[in-house]
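Visitor: start_8.csv (CSV, C-alpha atoms) pasted underneath:
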```csv
chain,number,residue,atom,x,y,z
B,110,MET,CA,64.8,-11.4,73.3
B,111,ASP,CA,65.8,-14.6,75.1
B,112,ARG,CA,69.3,-14.5,76.6
B,113,LEU,CA,72.1,-16.8,75.5
B,114,THR,CA,75.4,-17.1,77.4
B,115,ARG,CA,78.6,-19.0,77.0
B,116,GLU,CA,77.1,-21.6,79.4
B,117,ASP,CA,74.6,-22.4,76.7
B,118,LEU,CA,77.4,-23.4,74.4
B,119,LYS,CA,77.6,-26.7,76.3
B,120,PHE,CA,74.1,-27.4,75.0
B,121,PHE,CA,75.2,-26.9,71.4
B,122,ALA,CA,78.5,-28.8,71.9
B,123,ALA,CA,76.8,-32.0,73.1
B,124,ASP,CA,76.9,-34.9,70.6
B,125,ASP,CA,74.4,-37.8,70.5
B,126,SER,CA,73.6,-40.8,68.4
B,127,ARG,CA,70.0,-39.6,68.4
B,128,TRP,CA,68.8,-37.0,66.0
B,129,ARG,CA,68.8,-33.3,66.9
B,130,ILE,CA,66.8,-30.7,65.1
B,131,SER,CA,67.6,-27.1,64.6
B,132,LEU,CA,65.0,-24.7,63.1
B,133,TYR,CA,65.6,-21.1,62.2
B,134,MET,CA,63.2,-18.6,60.8
B,135,PRO,CA,62.8,-14.8,60.4
B,136,VAL,CA,60.0,-13.2,62.4
B,137,HIS,CA,58.0,-10.2,61.1
B,138,LYS,CA,56.6,-8.0,63.8
B,139,ALA,CA,54.2,-5.8,61.7
B,140,GLY,CA,52.1,-5.8,58.5
B,141,ARG,CA,50.6,-8.6,56.6
B,142,GLU,CA,53.8,-10.7,56.9
B,143,LYS,CA,53.3,-10.9,60.6
B,144,GLU,CA,50.3,-13.2,60.0
B,145,GLN,CA,52.6,-15.6,58.1
B,146,ASN,CA,54.8,-16.3,61.2
B,147,PRO,CA,52.8,-19.3,62.5
B,148,ILE,CA,52.5,-20.7,59.0
B,149,ARG,CA,56.2,-20.4,58.4
B,150,LEU,CA,56.9,-22.3,61.6
B,151,LYS,CA,54.3,-24.9,60.7
B,152,ASN,CA,56.0,-25.5,57.4
B,153,LEU,CA,59.4,-25.7,59.0
B,154,VAL,CA,58.2,-28.3,61.5
B,155,ARG,CA,56.7,-30.3,58.6
B,156,ARG,CA,60.0,-30.2,56.8
B,157,ALA,CA,61.7,-31.5,59.9
B,158,GLU,CA,59.2,-34.3,60.2
B,159,GLU,CA,59.8,-35.4,56.6
B,160,GLY,CA,63.5,-35.3,57.3
B,161,LEU,CA,63.2,-37.6,60.3
B,162,GLU,CA,61.1,-40.0,58.3
B,163,GLU,CA,63.7,-40.1,55.6
B,164,ARG,CA,66.1,-41.1,58.3
B,165,ARG,CA,63.8,-44.1,59.1
B,166,MET,CA,62.3,-42.7,62.2
B,167,ARG,CA,58.8,-44.0,62.8
B,168,SER,CA,56.1,-41.5,62.2
B,169,PRO,CA,54.6,-41.7,65.7
B,170,GLU,CA,58.0,-41.1,67.2
B,171,ALA,CA,58.7,-38.1,64.9
B,172,GLU,CA,55.3,-36.6,65.7
B,173,GLN,CA,55.9,-36.9,69.5
B,174,MET,CA,59.4,-35.4,69.2
B,175,LEU,CA,58.0,-32.3,67.3
B,176,ARG,CA,54.9,-31.9,69.4
B,177,PRO,CA,56.4,-29.0,71.6
B,178,ALA,CA,57.2,-27.0,68.4
B,179,ARG,CA,53.7,-27.6,66.9
B,180,LYS,CA,52.1,-26.3,70.1
B,181,LEU,CA,53.7,-22.9,69.5
B,182,VAL,CA,52.1,-22.6,66.1
B,183,ASP,CA,48.7,-22.1,67.6
B,184,ASP,CA,49.7,-20.2,70.7
B,185,PRO,CA,48.6,-16.6,70.2
B,186,LEU,CA,50.5,-15.4,73.4
B,187,PHE,CA,53.7,-16.8,72.1
B,188,TRP,CA,53.5,-14.8,68.9
B,189,GLN,CA,52.7,-11.5,70.7
B,190,ASN,CA,56.2,-11.2,72.1
B,191,GLN,CA,58.8,-11.8,69.4
B,192,SER,CA,62.2,-10.5,68.3
B,193,ASP,CA,63.6,-10.5,64.8
B,194,GLY,CA,64.4,-14.2,64.6
B,195,LEU,CA,63.2,-17.5,66.1
B,196,ALA,CA,65.5,-20.5,66.8
B,197,LEU,CA,64.2,-23.9,68.0
B,198,PHE,CA,66.3,-26.8,69.1
B,199,ILE,CA,64.5,-30.2,69.5
B,200,SER,CA,65.7,-33.6,70.5
B,201,GLY,CA,64.1,-36.7,72.1
B,202,ASP,CA,64.7,-35.3,75.6
B,203,SER,CA,65.0,-31.5,75.2
B,204,PHE,CA,63.2,-28.5,73.6
B,205,ARG,CA,64.6,-25.0,73.7
B,206,CYS,CA,63.3,-21.8,72.0
B,207,PHE,CA,65.2,-18.5,71.6
B,208,ARG,CA,63.8,-15.2,70.3
B,209,VAL,CA,66.8,-13.3,69.2
B,210,PRO,CA,67.6,-10.0,67.4
B,211,ILE,CA,68.8,-11.7,64.2
B,212,HIS,CA,66.8,-11.9,61.0
B,213,PHE,CA,67.5,-15.5,60.0
B,214,GLN,CA,67.2,-17.2,56.7
B,215,GLU,CA,64.7,-20.2,57.0
B,216,LEU,CA,66.7,-23.3,57.9
B,217,SER,CA,66.0,-26.8,59.0
B,218,VAL,CA,69.0,-28.9,60.1
B,219,ILE,CA,68.9,-32.5,61.3
B,220,SER,CA,72.2,-33.8,62.7
B,221,THR,CA,73.7,-35.5,65.8
B,222,ARG,CA,74.6,-32.0,67.1
B,223,PHE,CA,72.5,-28.8,67.2
B,224,HIS,CA,73.4,-26.3,64.5
B,225,PHE,CA,74.8,-23.2,66.1
B,226,THR,CA,76.5,-20.9,63.6
B,227,PRO,CA,73.4,-18.7,62.7
B,228,LEU,CA,73.6,-17.5,66.4
B,229,LEU,CA,77.3,-16.6,66.1
B,230,PRO,CA,76.6,-12.8,65.9
B,231,LEU,CA,75.3,-12.9,69.5
B,232,PHE,CA,78.7,-14.1,70.7
B,233,GLU,CA,80.8,-11.7,68.7
B,234,ASP,CA,82.4,-8.8,70.6
B,235,GLU,CA,80.3,-6.4,68.6
B,236,GLY,CA,77.0,-8.3,69.1
B,237,ARG,CA,75.5,-6.5,72.1
B,238,PHE,CA,75.7,-3.3,74.1
B,239,TYR,CA,73.6,-1.6,76.8
B,240,ILE,CA,72.3,1.8,77.5
B,241,LEU,CA,71.7,2.9,81.1
B,242,ALA,CA,69.5,6.0,81.3
B,243,LEU,CA,69.5,7.8,84.6
B,244,SER,CA,67.1,10.3,86.0
B,245,GLN,CA,65.3,11.2,89.2
B,246,ASN,CA,62.0,9.7,87.8
B,247,MET,CA,63.2,6.4,86.5
B,248,ILE,CA,66.1,4.2,85.6
B,249,ARG,CA,66.0,2.5,82.2
B,250,LEU,CA,68.2,-0.2,80.9
B,251,LEU,CA,68.2,-1.0,77.2
B,252,GLU,CA,69.8,-4.0,75.5
B,253,ALA,CA,70.8,-3.3,72.0
B,254,THR,CA,72.6,-4.6,68.9
B,255,LYS,CA,73.4,-2.8,65.7
B,256,HIS,CA,69.9,-3.3,64.4
B,257,THR,CA,67.6,-3.7,67.5
B,258,VAL,CA,66.9,-2.3,70.9
B,259,ASP,CA,64.8,-3.7,73.7
B,260,GLU,CA,63.9,-2.4,77.2
B,261,VAL,CA,65.1,-4.6,80.0
B,262,ASP,CA,62.6,-4.9,82.9
B,263,VAL,CA,64.7,-3.6,85.9
B,264,GLU,CA,61.9,-1.9,87.9
B,265,SER,CA,62.2,-4.3,90.8
B,266,LEU,CA,66.0,-4.4,90.6
B,267,LEU,CA,66.9,-0.7,90.1
B,268,PRO,CA,64.2,1.5,91.7
B,269,ALA,CA,63.8,5.1,90.6
B,270,LEU,CA,66.2,7.6,92.0
B,271,GLY,CA,63.5,10.0,93.1
B,272,GLU,CA,61.8,7.4,95.2
B,273,ALA,CA,65.0,6.4,96.9
B,274,LEU,CA,66.8,9.7,97.3
B,275,GLN,CA,64.2,12.5,97.0
B,276,PHE,CA,66.8,14.8,95.6
B,277,ASP,CA,64.5,16.7,93.2
B,278,ARG,CA,64.6,19.7,95.5
B,279,PHE,CA,68.1,20.5,94.4
B,280,GLU,CA,68.2,19.0,90.9
B,281,LYS,CA,67.3,22.2,89.0
B,282,GLN,CA,70.0,24.1,90.9
B,283,LEU,CA,72.9,21.9,90.0
B,284,GLN,CA,75.1,22.5,87.0
B,285,PHE,CA,77.9,20.2,86.0
B,286,HIS,CA,81.5,21.3,85.6
B,287,THR,CA,84.2,18.9,84.6
B,288,GLY,CA,86.8,18.2,87.3
B,289,THR,CA,90.2,16.5,87.2
B,290,SER,CA,90.2,14.0,90.1
B,291,THR,CA,89.4,10.4,89.3
B,292,GLY,CA,86.8,8.0,90.6
B,293,ARG,CA,86.5,4.2,90.7
B,294,SER,CA,86.2,3.9,86.9
B,295,GLY,CA,89.3,6.0,86.2
B,296,GLY,CA,87.3,8.8,84.7
B,297,ARG,CA,87.1,12.4,86.0
B,298,ALA,CA,85.0,12.9,89.1
B,299,ALA,CA,82.1,15.4,89.3
B,300,MET,CA,82.4,19.0,90.4
B,301,TYR,CA,79.5,21.5,90.6
B,302,HIS,CA,79.0,25.2,90.4
B,303,GLY,CA,75.9,27.4,90.8
B,304,HIS,CA,74.9,25.2,93.8
B,305,ASP,CA,77.2,23.0,95.7
B,306,PRO,CA,75.2,20.1,97.2
B,307,SER,CA,75.9,19.2,100.8
B,308,ASP,CA,78.2,16.3,101.5
B,309,GLU,CA,75.1,14.4,102.8
B,310,GLU,CA,73.2,14.9,99.6
B,311,LYS,CA,76.1,14.0,97.4
B,312,GLY,CA,76.9,11.0,99.6
B,313,ARG,CA,73.3,9.7,99.3
B,314,LEU,CA,73.6,9.9,95.5
B,315,LEU,CA,76.9,8.1,95.5
B,316,ARG,CA,75.6,5.4,97.8
B,317,TRP,CA,72.7,4.8,95.5
B,318,PHE,CA,74.9,4.7,92.4
B,319,HIS,CA,77.1,2.2,94.2
B,320,ARG,CA,74.0,0.0,94.8
B,321,ILE,CA,73.2,0.2,91.1
B,322,ASP,CA,76.8,-0.6,90.3
B,323,ASP,CA,76.6,-3.7,92.6
B,324,ASP,CA,73.4,-5.0,90.9
B,325,LEU,CA,74.4,-4.5,87.3
B,326,PRO,CA,76.8,-7.4,86.9
B,327,GLY,CA,73.9,-9.8,87.5
B,328,ILE,CA,71.9,-8.1,84.7
B,329,LEU,CA,74.5,-7.3,82.0
B,330,ARG,CA,76.0,-10.2,80.0
B,331,GLY,CA,79.5,-11.0,79.0
B,332,GLY,CA,81.3,-7.7,79.6
B,333,SER,CA,79.2,-5.9,76.9
B,334,PRO,CA,79.8,-2.2,76.5
B,335,LEU,CA,77.6,0.1,78.6
B,336,VAL,CA,76.7,3.7,77.5
B,337,LEU,CA,75.3,6.2,80.1
B,338,ALA,CA,72.5,8.6,79.2
B,339,GLY,CA,71.0,11.3,81.4
B,340,VAL,CA,71.3,14.9,82.6
B,341,GLU,CA,74.8,16.1,82.6
B,342,TYR,CA,75.5,16.3,86.3
B,343,LEU,CA,74.5,12.7,87.0
B,344,LEU,CA,76.8,11.1,84.4
B,345,PRO,CA,80.2,12.0,86.0
B,346,LEU,CA,78.8,11.3,89.5
B,347,TYR,CA,77.8,7.8,88.3
B,348,ARG,CA,81.3,7.3,86.8
B,349,GLU,CA,82.7,8.0,90.3
B,350,ALA,CA,80.7,5.1,91.6
B,351,ASN,CA,81.2,2.8,88.7
B,352,SER,CA,83.3,-0.4,88.7
B,353,TYR,CA,81.9,-2.0,85.6
B,354,PRO,CA,85.0,-2.4,83.3
B,355,SER,CA,83.2,-1.9,80.0
B,356,LEU,CA,81.6,1.5,80.8
B,357,VAL,CA,82.1,3.7,77.7
B,358,GLU,CA,83.8,7.0,78.3
B,359,GLU,CA,81.4,9.1,76.2
B,360,GLY,CA,77.8,9.4,77.3
B,361,ILE,CA,74.5,10.7,76.0
B,362,PRO,CA,73.7,14.0,77.8
B,363,GLY,CA,70.1,15.2,78.3
B,364,ASN,CA,66.9,14.2,79.9
B,365,ALA,CA,66.2,10.6,78.8
B,366,ASP,CA,62.8,10.2,80.5
B,367,GLY,CA,60.8,10.9,77.3
B,368,ALA,CA,63.3,9.6,74.8
B,369,ARG,CA,62.1,6.7,72.7
B,370,PRO,CA,64.3,3.5,72.8
B,371,GLU,CA,65.0,4.1,69.1
B,372,GLU,CA,66.2,7.6,69.7
B,373,LEU,CA,68.6,6.5,72.5
B,374,HIS,CA,69.7,3.6,70.3
B,375,SER,CA,70.6,5.9,67.5
B,376,LYS,CA,72.7,8.2,69.7
B,377,ALA,CA,74.4,5.3,71.5
B,378,LEU,CA,75.2,3.5,68.2
B,379,ALA,CA,77.1,6.6,67.0
B,380,ILE,CA,79.3,6.2,70.1
B,381,ILE,CA,79.6,2.5,70.2
B,382,GLU,CA,80.2,1.5,66.5
B,383,PRO,CA,84.0,2.2,66.5
B,384,ILE,CA,84.3,0.2,69.7
B,385,MET,CA,82.2,-2.6,68.4
B,386,THR,CA,84.3,-3.2,65.3
B,387,LYS,CA,87.7,-2.6,66.8
B,388,SER,CA,88.4,-6.1,68.0
B,389,ARG,CA,87.3,-7.7,64.8
B,390,GLU,CA,89.3,-5.4,62.6
B,391,GLU,CA,92.4,-5.9,64.8
B,392,ALA,CA,92.0,-9.7,64.5
B,393,ILE,CA,91.7,-9.5,60.7
B,394,ALA,CA,94.8,-7.3,60.5
B,395,LYS,CA,96.7,-9.6,62.8
B,396,PHE,CA,95.8,-12.6,60.7
B,397,SER,CA,97.0,-10.8,57.5
B,398,GLY,CA,100.3,-9.9,59.3
B,399,LEU,CA,100.9,-13.5,60.2
B,400,SER,CA,100.0,-15.0,56.8
B,401,GLY,CA,102.4,-17.8,55.9
B,402,THR,CA,103.4,-18.6,59.4
B,403,GLY,CA,102.3,-21.4,61.7
B,404,LYS,CA,100.2,-18.9,63.7
B,405,VAL,CA,97.3,-19.0,61.1
B,406,SER,CA,95.5,-21.7,59.2
B,407,ALA,CA,92.8,-22.3,56.7
B,408,ASP,CA,93.0,-26.1,57.0
B,409,LEU,CA,89.7,-27.3,58.7
B,410,ASP,CA,91.2,-30.5,60.0
B,411,GLN,CA,94.0,-28.5,61.8
B,412,ILE,CA,91.5,-25.9,63.0
B,413,LEU,CA,89.2,-28.5,64.5
B,414,GLU,CA,92.0,-30.1,66.4
B,415,GLY,CA,93.4,-26.7,67.5
B,416,ALA,CA,89.9,-25.6,68.7
B,417,ASP,CA,89.5,-28.8,70.7
B,418,HIS,CA,92.7,-28.1,72.5
B,419,GLY,CA,92.0,-24.4,73.1
B,420,ARG,CA,94.7,-23.3,70.6
B,421,VAL,CA,92.4,-21.1,68.4
B,422,GLU,CA,92.4,-17.5,69.5
B,423,VAL,CA,90.1,-16.2,66.7
B,424,LEU,CA,88.0,-18.1,64.2
B,425,PHE,CA,86.7,-16.5,61.0
B,426,VAL,CA,83.7,-18.1,59.3
B,427,ALA,CA,82.2,-17.2,56.0
B,428,GLU,CA,78.5,-16.4,56.3
B,429,GLY,CA,76.5,-19.4,55.1
B,430,ALA,CA,79.5,-21.7,54.8
B,431,TRP,CA,79.1,-25.5,55.4
B,432,LYS,CA,81.5,-28.4,55.5
B,433,TRP,CA,79.7,-31.7,56.1
B,434,GLY,CA,81.5,-34.7,57.6
B,435,ARG,CA,81.9,-36.6,60.8
B,436,ILE,CA,84.4,-37.4,63.5
B,437,ALA,CA,85.4,-41.0,63.5
B,438,PRO,CA,85.8,-43.1,66.7
B,439,ASP,CA,89.6,-42.6,66.5
B,440,GLY,CA,89.2,-38.8,66.3
B,441,SER,CA,89.9,-38.5,62.6
B,442,ILE,CA,87.8,-36.3,60.4
B,443,ILE,CA,85.8,-37.8,57.5
B,444,LYS,CA,84.5,-35.2,55.1
B,445,SER,CA,81.6,-35.6,52.8
B,446,GLU,CA,81.2,-34.0,49.4
B,447,GLY,CA,77.4,-34.1,49.8
B,448,THR,CA,74.9,-32.3,52.1
B,449,GLU,CA,73.6,-33.4,55.4
B,450,GLY,CA,72.6,-37.0,55.8
B,451,GLY,CA,73.5,-40.1,57.8
B,452,ALA,CA,75.4,-39.3,61.0
B,453,GLU,CA,77.2,-36.3,59.5
B,454,GLU,CA,77.3,-32.7,60.9
B,455,ASP,CA,78.6,-29.3,59.8
B,456,LEU,CA,82.3,-29.3,60.8
B,457,ILE,CA,82.5,-25.5,60.6
B,458,ASN,CA,79.7,-25.4,63.2
B,459,LEU,CA,81.7,-27.7,65.4
B,460,ALA,CA,84.8,-25.6,65.0
B,461,ALA,CA,82.9,-22.5,66.1
B,462,VAL,CA,81.4,-24.2,69.2
B,463,ARG,CA,84.8,-25.6,70.2
B,464,THR,CA,86.5,-22.2,69.8
B,465,LEU,CA,84.0,-20.3,72.0
B,466,LEU,CA,83.9,-23.0,74.6
B,467,ASN,CA,87.6,-22.8,75.0
B,468,GLY,CA,87.6,-19.0,75.4
B,469,GLY,CA,88.3,-18.0,71.8
B,470,SER,CA,86.5,-15.5,69.7
B,471,ALA,CA,84.6,-16.2,66.5
B,472,TYR,CA,83.4,-13.9,63.7
B,473,ALA,CA,81.0,-14.5,60.9
B,474,LEU,CA,82.2,-12.4,57.9
B,475,GLN,CA,80.9,-11.8,54.4
B,476,ARG,CA,83.0,-14.0,52.1
B,477,ASP,CA,84.8,-11.1,50.5
B,478,ARG,CA,86.0,-10.0,54.0
B,479,MET,CA,87.6,-13.4,54.9
B,480,PRO,CA,91.3,-12.7,55.5
B,481,CYS,CA,92.3,-16.1,54.0
B,482,GLY,CA,90.0,-16.2,51.0
B,483,GLU,CA,88.6,-19.5,52.3
B,484,GLU,CA,85.3,-20.5,54.1
B,485,VAL,CA,87.0,-20.9,57.4
B,486,CYS,CA,90.3,-19.8,58.9
B,487,ALA,CA,91.9,-19.4,62.3
B,488,LEU,CA,94.4,-17.3,64.2
B,489,TYR,CA,96.2,-19.4,66.8
B,490,ARG,CA,97.3,-18.5,70.3
B,491,TYR,CA,100.5,-20.5,69.9
```
Would you mind writing the file out in structure tokens?

Guide:
Amino acid sequence: MDRLTREDLKFFAADDSRWRISLYMPVHKAGREKEQNPIRLKNLVRRAEEGLEERRMRSPEAEQMLRPARKLVDDPLFWQNQSDGLALFISGDSFRCFRVPIHFQELSVISTRFHFTPLLPLFEDEGRFYILALSQNMIRLLEATKHTVDEVDVESLLPALGEALQFDRFEKQLQFHTGTSTGRSGGRAAMYHGHDPSDEEKGRLLRWFHRIDDDLPGILRGGSPLVLAGVEYLLPLYREANSYPSLVEEGIPGNADGARPEELHSKALAIIEPIMTKSREEAIAKFSGLSGTGKVSADLDQILEGADHGRVEVLFVAEGAWKWGRIAPDGSIIKSEGTEGGAEEDLINLAAVRTLLNGGSAYALQRDRMPCGEEVCALYRY
């Protein structure tokens, strides 16, 4: 998948008098439907071109604007490496493409701002987690969501333990026994019985784990939870070296060398699901407890203003919800009863981007889970 960070939100927040095109489509990675992927993109690009012409853009200008997207249609290498969904963002001076683990509904949006809300799950607290599989033969890092898992290429960043430490001569003799002293992560440090490694051997392992711990922040994104997998004696030793704040206490014991990504994902998901949903459920409960006070709102005008000033702590958006309108030069909001057209944009989309840019959280919920019963609502910081 292609990585999105909060820094990318500036790209989605930018407004322009020129047209900006957002295209979303599901991607099938197997079977007959896989052959339809290029055709589906071709049809989406054609729909976007028709939309530009309806907005009185000259045909040669529209064709030039969409040329980068059309090149992808006939690029076999591009279609060999896909995730579950494809998102394209096109303007007169930019073209960005993201392959992401979300199975989108087909969507073509033309507005003065790129349409962001289908990507919202990637920015939710429960959108992403990692699995770090440790062994003497290799180190594997997997990036996962609830529904997908992908190997991250870290071969040049995190070399195999066996190559660096040559500790296989004592691996089989070690057995893990839980201790009580604490390491850097606050967990319990490692103790051994059956064979007690020398201080030199244990020190070399810890130094190597410290090096991994130093490198991980440049690879992991956004404080996402990290689950350890590996033989039992390595896990507590790594925890002793760990400083990553989102390391999950429970790990996956056992040799992970031959484990398929899907197998590790299934085991990690059983550990991570309660953690992934905790923040969202706490926010929903907090909203319900503050109902009727000035700390919550379902008024989109107020929410937009609050999000712009960093007042929104949590935004809840109903999946598939739209509110078309535009921001007048004086800052007032002019809503539309129709669909996209003219210089209008989705105001719920704008509220989501503003909330995240100012450090808030945003959740896309099924409509029957919305705590306010409306299409958008917010929990304020103050």

Visitor: To one decimal place in Å, what is the distance between atom CA of B:Ala473 and atom CA of B:Val485?

Guide: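 About the pair atom CA of B:Ala473 and atom CA of B:Val485: they are 9.4 Å apart.
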
Visitor: So what do you get for atom CA of B:Lys138 versus atom CA of B:Leu181, distance-wise?

Guide: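 Going from atom CA of B:Lys138 over to atom CA of B:Leu181, I get 16.2 Å.
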
Visitor: Using Å and a single decimal, report how far atom CA of B:Arg320 sits from atom CA of B:Glu359.

Guide: 22.0 Å

Visitor: Restricting the calculation to only C-alpha atoms: of B:Arg420, B:Lys151, B:Lys404, B:Arg112, which residue gets closest to B:Arg208?

Guide: B:Arg112

Visitor: Would you pick out the contacts of stretch 355-358 of chain B at 7 Å or less, using only C-alpha atoms, so that residues sharing its chain but fewer than 2 positions from it are not included, and give the list as a compact mmCIF listing (two decimals) with C-alpha atoms, in the frame of the given file?

Guide:
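Final output, saved to part-v5.txt:
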```
# COMPACT_ATOMS: atom_id res chain seq x y z
CA GLY B 332 81.30 -7.70 79.60
CA SER B 333 79.20 -5.90 76.90
CA PRO B 334 79.80 -2.20 76.50
CA LEU B 335 77.60 0.10 78.60
CA VAL B 336 76.70 3.70 77.50
CA TYR B 353 81.90 -2.00 85.60
CA GLY B 360 77.80 9.40 77.30
```

Visitor: Which residues are close to stretch 219-232 of chain B, i.e. within 6 Å by all atoms listed in the file, leaving aside same-chain residues fewer than 4 positions away? Reply as a ChimeraX atom specification.

Guide: /B:121,124-126,128-131,236,454,458

Visitor: Next, the residues of the selection above should be written as an mmCIF file, in the frame of the given file with C-alpha atoms.

Guide:
```
data_model
loop_
_atom_site.group_PDB
_atom_site.id
_atom_site.type_symbol
_atom_site.label_atom_id
_atom_site.label_comp_id
_atom_site.auth_asym_id
_atom_site.auth_seq_id
_atom_site.Cartn_x
_atom_site.Cartn_y
_atom_site.Cartn_z
ATOM 1 C CA PHE B 121 75.200 -26.900 71.400
ATOM 2 C CA ASP B 124 76.900 -34.900 70.600
ATOM 3 C CA ASP B 125 74.400 -37.800 70.500
ATOM 4 C CA SER B 126 73.600 -40.800 68.400
ATOM 5 C CA TRP B 128 68.800 -37.000 66.000
ATOM 6 C CA ARG B 129 68.800 -33.300 66.900
ATOM 7 C CA ILE B 130 66.800 -30.700 65.100
ATOM 8 C CA SER B 131 67.600 -27.100 64.600
ATOM 9 C CA GLY B 236 77.000 -8.300 69.100
ATOM 10 C CA GLU B 454 77.300 -32.700 60.900
ATOM 11 C CA ASN B 458 79.700 -25.400 63.200
#
```

Visitor: Which is closer to B:Pro383 than all the others in B:His319, B:Pro326, B:Asp417, B:Lys255, using all atoms listed in the file?

Guide: B:Lys255
